[in-house]
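Structure data follow from protein01.pdb (PDB, C-alpha atoms, pLDDT in the B column):
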ATOM      1  CA  MET A   1     -28.354   0.907  -2.401  1.00 45.00           C
ATOM      2  CA  GLY A   2     -29.376   4.389  -1.435  1.00 48.00           C
ATOM      3  CA  ALA A   3     -32.432   6.180  -2.737  1.00 49.00           C
ATOM      4  CA  VAL A   4     -32.252   9.036  -5.191  1.00 47.00           C
ATOM      5  CA  VAL A   5     -32.403  12.355  -3.347  1.00 44.00           C
ATOM      6  CA  ARG A   6     -33.730  15.511  -4.946  1.00 46.00           C
ATOM      7  CA  TYR A   7     -31.556  18.629  -4.526  1.00 41.00           C
ATOM      8  CA  GLY A   8     -33.386  21.624  -5.857  1.00 45.00           C
ATOM      9  CA  SER A   9     -34.373  20.863  -9.416  1.00 44.00           C
ATOM     10  CA  ARG A  10     -31.742  18.216 -10.181  1.00 45.00           C
ATOM     11  CA  MET A  11     -31.439  14.588  -9.142  1.00 45.00           C
ATOM     12  CA  ALA A  12     -28.401  13.467  -7.130  1.00 42.00           C
ATOM     13  CA  PRO A  13     -27.015   9.971  -7.762  1.00 41.00           C
ATOM     14  CA  PRO A  14     -27.395   7.419  -4.991  1.00 43.00           C
ATOM     15  CA  ARG A  15     -24.491   7.242  -2.559  1.00 42.00           C
ATOM     16  CA  ARG A  16     -22.261   4.234  -2.730  1.00 45.00           C
ATOM     17  CA  ARG A  17     -21.742   2.381   0.506  1.00 46.00           C
ATOM     18  CA  SER A  18     -18.355   0.970  -0.553  1.00 47.00           C
ATOM     19  CA  ARG A  19     -15.680   2.891   1.308  1.00 51.00           C
ATOM     20  CA  GLY A  20     -12.851   1.156  -0.579  1.00 46.00           C
ATOM     21  CA  TRP A  21     -13.246   3.127  -3.792  1.00 48.00           C
ATOM     22  CA  ARG A  22     -13.029   6.407  -1.925  1.00 55.00           C
ATOM     23  CA  CYS A  23      -9.524   5.696  -0.656  1.00 69.00           C
ATOM     24  CA  GLY A  24      -8.031   6.289  -4.102  1.00 80.00           C
ATOM     25  CA  LEU A  25      -7.379   2.706  -5.167  1.00 81.00           C
ATOM     26  CA  THR A  26      -7.899   1.732  -8.780  1.00 84.00           C
ATOM     27  CA  ALA A  27      -9.359  -1.507 -10.093  1.00 84.00           C
ATOM     28  CA  ALA A  28      -5.810  -2.674 -10.859  1.00 83.00           C
ATOM     29  CA  ASP A  29      -4.817  -1.978  -7.231  1.00 85.00           C
ATOM     30  CA  TRP A  30      -7.733  -4.044  -5.957  1.00 89.00           C
ATOM     31  CA  ARG A  31      -6.943  -6.890  -8.366  1.00 87.00           C
ATOM     32  CA  LEU A  32      -3.333  -6.933  -7.149  1.00 89.00           C
ATOM     33  CA  LEU A  33      -4.381  -6.813  -3.487  1.00 91.00           C
ATOM     34  CA  VAL A  34      -6.884  -9.646  -3.914  1.00 90.00           C
ATOM     35  CA  ALA A  35      -4.387 -11.803  -5.825  1.00 90.00           C
ATOM     36  CA  VAL A  36      -1.638 -11.520  -3.210  1.00 91.00           C
ATOM     37  CA  ALA A  37      -4.116 -11.936  -0.330  1.00 92.00           C
ATOM     38  CA  VAL A  38      -5.411 -15.180  -1.852  1.00 91.00           C
ATOM     39  CA  ALA A  39      -1.827 -16.325  -2.412  1.00 90.00           C
ATOM     40  CA  GLN A  40      -0.976 -15.619   1.242  1.00 92.00           C
ATOM     41  CA  VAL A  41      -3.986 -17.529   2.544  1.00 94.00           C
ATOM     42  CA  ALA A  42      -3.190 -20.468   0.234  1.00 92.00           C
ATOM     43  CA  ALA A  43       0.491 -20.451   1.262  1.00 91.00           C
ATOM     44  CA  ALA A  44      -0.438 -20.383   4.954  1.00 93.00           C
ATOM     45  CA  ALA A  45      -2.767 -23.355   4.525  1.00 93.00           C
ATOM     46  CA  ALA A  46      -0.234 -25.278   2.454  1.00 92.00           C
ATOM     47  CA  LEU A  47       2.581 -24.617   4.931  1.00 91.00           C
ATOM     48  CA  ARG A  48       0.478 -26.161   7.679  1.00 92.00           C
ATOM     49  CA  ALA A  49      -0.057 -29.270   5.529  1.00 93.00           C
ATOM     50  CA  MET A  50       3.468 -29.886   4.200  1.00 93.00           C
ATOM     51  CA  PRO A  51       7.125 -29.124   4.921  1.00 92.00           C
ATOM     52  CA  LEU A  52       8.646 -25.891   3.628  1.00 89.00           C
ATOM     53  CA  ARG A  53      10.948 -27.633   1.139  1.00 88.00           C
ATOM     54  CA  THR A  54       8.024 -29.553  -0.417  1.00 89.00           C
ATOM     55  CA  LEU A  55       5.919 -26.399  -0.567  1.00 88.00           C
ATOM     56  CA  ARG A  56       8.669 -24.482  -2.377  1.00 86.00           C
ATOM     57  CA  VAL A  57       9.011 -27.272  -4.964  1.00 85.00           C
ATOM     58  CA  ARG A  58       5.258 -27.421  -5.608  1.00 86.00           C
ATOM     59  CA  VAL A  59       4.914 -23.651  -5.740  1.00 81.00           C
ATOM     60  CA  SER A  60       7.712 -23.401  -8.308  1.00 79.00           C
ATOM     61  CA  ARG A  61       5.451 -25.269 -10.747  1.00 81.00           C
ATOM     62  CA  CYS A  62       2.875 -22.463 -10.475  1.00 79.00           C
ATOM     63  CA  ARG A  63       5.361 -19.627 -10.893  1.00 78.00           C
ATOM     64  CA  ARG A  64       4.583 -18.760 -14.532  1.00 77.00           C
ATOM     65  CA  VAL A  65       0.843 -18.636 -13.918  1.00 79.00           C
ATOM     66  CA  ALA A  66       1.301 -16.545 -10.761  1.00 78.00           C
ATOM     67  CA  ARG A  67       3.581 -14.080 -12.535  1.00 77.00           C
ATOM     68  CA  PHE A  68       1.073 -13.818 -15.380  1.00 75.00           C
ATOM     69  CA  LEU A  69      -1.753 -13.044 -12.938  1.00 78.00           C
ATOM     70  CA  VAL A  70       0.297 -10.625 -10.822  1.00 78.00           C
ATOM     71  CA  ARG A  71       2.050  -8.385 -13.321  1.00 78.00           C
ATOM     72  CA  ASP A  72       3.371  -5.212 -11.781  1.00 78.00           C
ATOM     73  CA  SER A  73       6.566  -3.576 -10.558  1.00 81.00           C
ATOM     74  CA  ASP A  74       8.504  -5.026  -7.629  1.00 82.00           C
ATOM     75  CA  LYS A  75       7.652  -1.957  -5.574  1.00 88.00           C
ATOM     76  CA  ARG A  76       3.898  -2.288  -6.080  1.00 88.00           C
ATOM     77  CA  ILE A  77       3.928  -6.037  -5.490  1.00 89.00           C
ATOM     78  CA  ALA A  78       5.859  -5.516  -2.249  1.00 90.00           C
ATOM     79  CA  TRP A  79       3.351  -2.826  -1.237  1.00 90.00           C
ATOM     80  CA  ALA A  80       0.426  -5.169  -1.912  1.00 91.00           C
ATOM     81  CA  ILE A  81       1.986  -8.081  -0.006  1.00 91.00           C
ATOM     82  CA  GLU A  82       2.773  -5.913   3.024  1.00 91.00           C
ATOM     83  CA  ALA A  83      -0.635  -4.168   2.958  1.00 90.00           C
ATOM     84  CA  THR A  84      -2.632  -7.393   2.781  1.00 90.00           C
ATOM     85  CA  GLY A  85      -0.303  -9.098   5.230  1.00 89.00           C
ATOM     86  CA  ARG A  86      -0.998  -6.449   7.860  1.00 89.00           C
ATOM     87  CA  ARG A  87      -4.718  -7.039   7.481  1.00 90.00           C
ATOM     88  CA  LEU A  88      -4.467 -10.826   7.549  1.00 89.00           C
ATOM     89  CA  GLY A  89      -2.912 -10.660  11.009  1.00 85.00           C
ATOM     90  CA  ARG A  90      -1.365 -13.840  12.379  1.00 85.00           C
ATOM     91  CA  LEU A  91      -2.267 -15.715   9.210  1.00 85.00           C
ATOM     92  CA  SER A  92       0.419 -13.801   7.321  1.00 87.00           C
ATOM     93  CA  THR A  93       3.843 -14.235   8.888  1.00 91.00           C
ATOM     94  CA  CYS A  94       7.110 -12.960   7.466  1.00 90.00           C
ATOM     95  CA  LEU A  95       7.713 -16.448   6.032  1.00 92.00           C
ATOM     96  CA  ILE A  96       4.340 -16.492   4.256  1.00 93.00           C
ATOM     97  CA  ARG A  97       4.974 -13.017   2.819  1.00 93.00           C
ATOM     98  CA  ALA A  98       8.442 -14.056   1.676  1.00 92.00           C
ATOM     99  CA  LEU A  99       7.093 -17.206  -0.005  1.00 91.00           C
ATOM    100  CA  VAL A 100       4.460 -15.218  -1.880  1.00 91.00           C
ATOM    101  CA  ALA A 101       7.020 -12.610  -2.902  1.00 90.00           C
ATOM    102  CA  GLU A 102       9.332 -15.316  -4.209  1.00 88.00           C
ATOM    103  CA  LEU A 103       6.412 -16.745  -6.185  1.00 86.00           C
ATOM    104  CA  VAL A 104       5.142 -13.569  -7.851  1.00 86.00           C
ATOM    105  CA  LEU A 105       8.165 -11.317  -8.285  1.00 85.00           C
ATOM    106  CA  ASP A 106       9.308 -11.261 -11.892  1.00 71.00           C
ATOM    107  CA  SER A 107      12.703 -12.710 -12.695  1.00 71.00           C
ATOM    108  CA  ASN A 108      13.452 -10.275 -15.542  1.00 72.00           C
ATOM    109  CA  ASP A 109      15.404  -8.080 -13.125  1.00 77.00           C
ATOM    110  CA  GLY A 110      17.421 -11.016 -11.808  1.00 82.00           C
ATOM    111  CA  PRO A 111      16.852 -13.810  -9.318  1.00 87.00           C
ATOM    112  CA  VAL A 112      15.416 -13.221  -5.850  1.00 87.00           C
ATOM    113  CA  SER A 113      16.800 -14.754  -2.672  1.00 90.00           C
ATOM    114  CA  LEU A 114      14.619 -15.948   0.196  1.00 90.00           C
ATOM    115  CA  THR A 115      16.570 -15.954   3.469  1.00 91.00           C
ATOM    116  CA  ILE A 116      15.623 -17.243   6.902  1.00 92.00           C
ATOM    117  CA  GLY A 117      17.698 -15.877   9.761  1.00 93.00           C
ATOM    118  CA  VAL A 118      17.731 -15.992  13.559  1.00 93.00           C
ATOM    119  CA  ARG A 119      18.848 -13.777  16.440  1.00 91.00           C
ATOM    120  CA  ARG A 120      18.772 -13.822  20.210  1.00 90.00           C
ATOM    121  CA  THR A 121      16.538 -11.353  21.998  1.00 88.00           C
ATOM    122  CA  ALA A 122      17.598  -9.467  25.121  1.00 89.00           C
ATOM    123  CA  ALA A 123      15.721 -12.076  27.177  1.00 92.00           C
ATOM    124  CA  GLY A 124      17.737 -14.856  25.525  1.00 90.00           C
ATOM    125  CA  ALA A 125      14.935 -16.238  23.365  1.00 93.00           C
ATOM    126  CA  LEU A 126      15.584 -17.250  19.772  1.00 92.00           C
ATOM    127  CA  GLU A 127      13.725 -15.157  17.192  1.00 91.00           C
ATOM    128  CA  ALA A 128      13.449 -16.015  13.468  1.00 92.00           C
ATOM    129  CA  HIS A 129      12.727 -13.799  10.477  1.00 92.00           C
ATOM    130  CA  ALA A 130      12.367 -14.331   6.713  1.00 93.00           C
ATOM    131  CA  TRP A 131      13.013 -11.822   3.943  1.00 93.00           C
ATOM    132  CA  VAL A 132      13.338 -11.625   0.170  1.00 91.00           C
ATOM    133  CA  ALA A 133      16.104  -9.674  -1.536  1.00 90.00           C
ATOM    134  CA  ARG A 134      17.284  -9.018  -5.057  1.00 88.00           C
ATOM    135  CA  GLN A 135      20.868  -7.919  -5.663  1.00 85.00           C
ATOM    136  CA  ASP A 136      21.432  -7.178  -1.946  1.00 81.00           C
ATOM    137  CA  ARG A 137      18.303  -4.979  -1.769  1.00 87.00           C
ATOM    138  CA  VAL A 138      15.592  -6.225   0.612  1.00 89.00           C
ATOM    139  CA  LEU A 139      12.168  -6.238  -1.086  1.00 88.00           C
ATOM    140  CA  ILE A 140       9.992  -7.925   1.566  1.00 89.00           C
ATOM    141  CA  GLY A 141      10.597  -8.284   5.285  1.00 85.00           C
ATOM    142  CA  ALA A 142      13.041  -5.511   6.034  1.00 74.00           C
ATOM    143  CA  THR A 143      15.895  -6.705   8.189  1.00 72.00           C
ATOM    144  CA  THR A 144      18.360  -4.794  10.310  1.00 68.00           C
ATOM    145  CA  GLY A 145      21.251  -7.126   9.707  1.00 78.00           C
ATOM    146  CA  ALA A 146      20.964  -8.335  13.297  1.00 86.00           C
ATOM    147  CA  TYR A 147      19.778 -11.718  12.028  1.00 90.00           C
ATOM    148  CA  LEU A 148      22.253 -14.487  11.353  1.00 90.00           C
ATOM    149  CA  PRO A 149      21.222 -16.143   8.057  1.00 90.00           C
ATOM    150  CA  LEU A 150      20.493 -19.858   8.460  1.00 91.00           C
ATOM    151  CA  VAL A 151      19.430 -20.679   4.927  1.00 91.00           C
ATOM    152  CA  THR A 152      19.183 -18.777   1.660  1.00 90.00           C
ATOM    153  CA  TRP A 153      17.425 -20.014  -1.463  1.00 89.00           C
ATOM    154  CA  THR A 154      17.965 -18.220  -4.753  1.00 88.00           C
ATOM    155  CA  SER A 155      15.286 -18.581  -7.407  1.00 79.00           C
ATOM    156  CA  ARG A 156      16.269 -19.637 -10.881  1.00 69.00           C
ATOM    157  CA  LEU A 157      15.763 -17.288 -13.795  1.00 58.00           C
ATOM    158  CA  ALA A 158      12.657 -18.106 -15.800  1.00 50.00           C
TER     159      ALA A 158
END
Can you give me the file's structure in the form of structure tokens?
Amino acid sequence: MGAVVRYGSRMAPPRRRSRGWRCGLTAADWRLLVAVAVAQVAAAAALRAMPLRTLRVRVSRCRRVARFLVRDSDKRIAWAIEATGRRLGRLSTCLIRALVAELVLDSNDGPVSLTIGVRRTAAGALEAHAWVARQDRVLIGATTGAYLPLVTWTSRLA
């Protein structure tokens, strides 16, 4: 920590070295960011160890606990998933973000749908993308509609 510096006749508090608190985030913001970052890292590791279908079944058992730990609006949860995903780099793909969103988004507003779609690029390569939507509104993984949906899973109401 910094030393106390004397300014005139009064004492100034030591400067904090943590830049995070200066960016306007609250303790609740940090808790949400940490929770979804940990969930993304865990989902990425689990997806490398087991098939997607098995992972979705096992994750569904943790849904109540995850929703208890990550209680916030859909908008803020989506913000946190996208913000941490950008900082996790290649570890956080659109599929990982969609899996975490499906896990933590509350079902009180209706079920969410996780969709995996594909499209051809101009070079002829096949490109895949995953997104989560509720009532035809995309929450995570914005899509342009250029993707042809391959599979869509709809979560059950809790």
Which residue out of A:Ala133, A:Met50, A:Ala44, A:Leu32 has the minimum interatomic distance to A:Asp109 when all atoms listed in the file are used? A:Ala133
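With atom CA of A:Leu55 on one side and atom CA of A:Ala42 on the other, the separation reads 10.9 Å.
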Matched chain/residue IDs from the PyMOL selection byres ((chain A and resi 94) around 10), as a VMD selection string: chain A and resid 82 85 90 to 93 95 to 100 116 128 to 132 140 to 142
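Between A:Ala80 and the candidates A:Ala46, A:Arg58, A:Gly110, A:Ala101, the tightest atom-to-atom separation, counting only C-alpha atoms, involves A:Ala101.
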Give the answer as one residue: which of A:Val151, A:Leu47, A:Glu102, A:Ile77 has the shortest atom-to-atom distance to A:Cys62, using only C-alpha atoms? A:Glu102
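Between atom CA of A:Val41 and atom CA of A:Arg119 lies a distance of 27.0 Å.
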Using all atoms of stretch 115-131 of chain A listed in the file and a margin of 4 Å per side, can you give the axis-aligned box centre and edge lengths in Å to one decimal, as AutoDock Vina command-line options?
--center_x 15.6 --center_y -13.4 --center_z 15.3 --size_x 14.5 --size_y 15.8 --size_z 31.7
Got a sec to resolve the PyMOL selection byres ((chain A and resi 146-148) around 8) on this structure and send the residues as a PDB file with C-alpha atoms, in the coordinates of the input?
ATOM      1  CA  GLY A 117      17.698 -15.877   9.761  1.00 93.00           C
ATOM      2  CA  VAL A 118      17.731 -15.992  13.559  1.00 93.00           C
ATOM      3  CA  ARG A 119      18.848 -13.777  16.440  1.00 91.00           C
ATOM      4  CA  ALA A 128      13.449 -16.015  13.468  1.00 92.00           C
ATOM      5  CA  HIS A 129      12.727 -13.799  10.477  1.00 92.00           C
ATOM      6  CA  THR A 143      15.895  -6.705   8.189  1.00 72.00           C
ATOM      7  CA  THR A 144      18.360  -4.794  10.310  1.00 68.00           C
ATOM      8  CA  GLY A 145      21.251  -7.126   9.707  1.00 78.00           C
ATOM      9  CA  PRO A 149      21.222 -16.143   8.057  1.00 90.00           C
ATOM     10  CA  LEU A 150      20.493 -19.858   8.460  1.00 91.00           C
TER      11      LEU A 150
END
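The residues returned by the PyMOL selection byres ((chain A and resi 108) around 12) on the shown structure are Arg67, Arg71, Asp72, Ser73, Asp74, Val104, Leu105, Asp106, Ser107, Asp109, Gly110, Pro111, Val112, Arg134, Ser155, Arg156, Leu157 and Ala158 of chain A.
Atom CA of A:Leu103 sits 15.6 Å away from atom CA of A:Ala45.
When only C-alpha atoms are used to compute distances to A:Leu88, the closest of the residues A:Trp30, A:Gln40, A:Leu139, A:Thr152 turns out to be A:Gln40.
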Reconstruct N, CA and C atoms of stretch 55-80 of chain A from the incomplete input and present them as a PDB file, keeping the file's coordinate frame.
ATOM      1  N   LEU A  55       6.753 -27.517  -0.120  1.00 88.00           N
ATOM      2  CA  LEU A  55       5.919 -26.399  -0.567  1.00 88.00           C
ATOM      3  C   LEU A  55       6.644 -25.570  -1.622  1.00 88.00           C
ATOM      4  N   ARG A  56       7.910 -25.279  -1.410  1.00 86.00           N
ATOM      5  CA  ARG A  56       8.669 -24.482  -2.377  1.00 86.00           C
ATOM      6  C   ARG A  56       8.767 -25.192  -3.725  1.00 86.00           C
ATOM      7  N   VAL A  57       8.932 -26.513  -3.713  1.00 85.00           N
ATOM      8  CA  VAL A  57       9.011 -27.272  -4.964  1.00 85.00           C
ATOM      9  C   VAL A  57       7.674 -27.223  -5.699  1.00 85.00           C
ATOM     10  N   ARG A  58       6.584 -27.434  -4.971  1.00 86.00           N
ATOM     11  CA  ARG A  58       5.258 -27.421  -5.608  1.00 86.00           C
ATOM     12  C   ARG A  58       4.874 -26.032  -6.099  1.00 86.00           C
ATOM     13  N   VAL A  59       5.233 -25.023  -5.348  1.00 81.00           N
ATOM     14  CA  VAL A  59       4.914 -23.651  -5.740  1.00 81.00           C
ATOM     15  C   VAL A  59       5.684 -23.261  -6.995  1.00 81.00           C
ATOM     16  N   SER A  60       6.901 -23.762  -7.136  1.00 79.00           N
ATOM     17  CA  SER A  60       7.712 -23.401  -8.308  1.00 79.00           C
ATOM     18  C   SER A  60       7.032 -23.823  -9.614  1.00 79.00           C
ATOM     19  N   ARG A  61       6.188 -24.831  -9.548  1.00 81.00           N
ATOM     20  CA  ARG A  61       5.451 -25.269 -10.747  1.00 81.00           C
ATOM     21  C   ARG A  61       4.378 -24.261 -11.153  1.00 81.00           C
ATOM     22  N   CYS A  62       3.931 -23.450 -10.219  1.00 79.00           N
ATOM     23  CA  CYS A  62       2.875 -22.463 -10.475  1.00 79.00           C
ATOM     24  C   CYS A  62       3.432 -21.081 -10.769  1.00 79.00           C
ATOM     25  N   ARG A  63       4.738 -20.945 -10.807  1.00 78.00           N
ATOM     26  CA  ARG A  63       5.361 -19.627 -10.893  1.00 78.00           C
ATOM     27  C   ARG A  63       4.959 -18.854 -12.145  1.00 78.00           C
ATOM     28  N   ARG A  64       4.936 -19.488 -13.301  1.00 77.00           N
ATOM     29  CA  ARG A  64       4.583 -18.760 -14.532  1.00 77.00           C
ATOM     30  C   ARG A  64       3.161 -18.231 -14.490  1.00 77.00           C
ATOM     31  N   VAL A  65       2.244 -19.064 -14.013  1.00 79.00           N
ATOM     32  CA  VAL A  65       0.843 -18.636 -13.918  1.00 79.00           C
ATOM     33  C   VAL A  65       0.717 -17.491 -12.924  1.00 79.00           C
ATOM     34  N   ALA A  66       1.372 -17.597 -11.782  1.00 78.00           N
ATOM     35  CA  ALA A  66       1.301 -16.545 -10.761  1.00 78.00           C
ATOM     36  C   ALA A  66       1.873 -15.240 -11.289  1.00 78.00           C
ATOM     37  N   ARG A  67       2.973 -15.305 -12.002  1.00 77.00           N
ATOM     38  CA  ARG A  67       3.581 -14.080 -12.535  1.00 77.00           C
ATOM     39  C   ARG A  67       2.740 -13.482 -13.658  1.00 77.00           C
ATOM     40  N   PHE A  68       1.995 -14.330 -14.357  1.00 75.00           N
ATOM     41  CA  PHE A  68       1.073 -13.818 -15.380  1.00 75.00           C
ATOM     42  C   PHE A  68      -0.092 -13.085 -14.716  1.00 75.00           C
ATOM     43  N   LEU A  69      -0.615 -13.650 -13.626  1.00 78.00           N
ATOM     44  CA  LEU A  69      -1.753 -13.044 -12.938  1.00 78.00           C
ATOM     45  C   LEU A  69      -1.365 -11.791 -12.156  1.00 78.00           C
ATOM     46  N   VAL A  70      -0.160 -11.762 -11.620  1.00 78.00           N
ATOM     47  CA  VAL A  70       0.297 -10.625 -10.822  1.00 78.00           C
ATOM     48  C   VAL A  70       1.438  -9.953 -11.577  1.00 78.00           C
ATOM     49  N   ARG A  71       1.059  -9.109 -12.518  1.00 78.00           N
ATOM     50  CA  ARG A  71       2.050  -8.385 -13.321  1.00 78.00           C
ATOM     51  C   ARG A  71       2.098  -6.936 -12.857  1.00 78.00           C
ATOM     52  N   ASP A  72       3.187  -6.591 -12.224  1.00 78.00           N
ATOM     53  CA  ASP A  72       3.371  -5.212 -11.781  1.00 78.00           C
ATOM     54  C   ASP A  72       4.818  -5.034 -11.374  1.00 78.00           C
ATOM     55  N   SER A  73       5.183  -3.849 -10.966  1.00 81.00           N
ATOM     56  CA  SER A  73       6.566  -3.576 -10.558  1.00 81.00           C
ATOM     57  C   SER A  73       6.837  -4.229  -9.200  1.00 81.00           C
ATOM     58  N   ASP A  74       8.106  -4.449  -8.919  1.00 82.00           N
ATOM     59  CA  ASP A  74       8.504  -5.026  -7.629  1.00 82.00           C
ATOM     60  C   ASP A  74       8.001  -4.171  -6.474  1.00 82.00           C
ATOM     61  N   LYS A  75       8.068  -2.873  -6.636  1.00 88.00           N
ATOM     62  CA  LYS A  75       7.652  -1.957  -5.574  1.00 88.00           C
ATOM     63  C   LYS A  75       6.170  -2.094  -5.262  1.00 88.00           C
ATOM     64  N   ARG A  76       5.348  -2.166  -6.303  1.00 88.00           N
ATOM     65  CA  ARG A  76       3.898  -2.288  -6.080  1.00 88.00           C
ATOM     66  C   ARG A  76       3.517  -3.662  -5.543  1.00 88.00           C
ATOM     67  N   ILE A  77       4.207  -4.698  -6.007  1.00 89.00           N
ATOM     68  CA  ILE A  77       3.928  -6.037  -5.490  1.00 89.00           C
ATOM     69  C   ILE A  77       4.301  -6.108  -4.012  1.00 89.00           C
ATOM     70  N   ALA A  78       5.443  -5.547  -3.657  1.00 90.00           N
ATOM     71  CA  ALA A  78       5.859  -5.516  -2.249  1.00 90.00           C
ATOM     72  C   ALA A  78       4.848  -4.739  -1.409  1.00 90.00           C
ATOM     73  N   TRP A  79       4.377  -3.609  -1.932  1.00 90.00           N
ATOM     74  CA  TRP A  79       3.351  -2.826  -1.237  1.00 90.00           C
ATOM     75  C   TRP A  79       2.105  -3.664  -0.991  1.00 90.00           C
ATOM     76  N   ALA A  80       1.651  -4.374  -2.025  1.00 91.00           N
ATOM     77  CA  ALA A  80       0.426  -5.169  -1.912  1.00 91.00           C
ATOM     78  C   ALA A  80       0.597  -6.313  -0.912  1.00 91.00           C
TER      79      ALA A  80
END
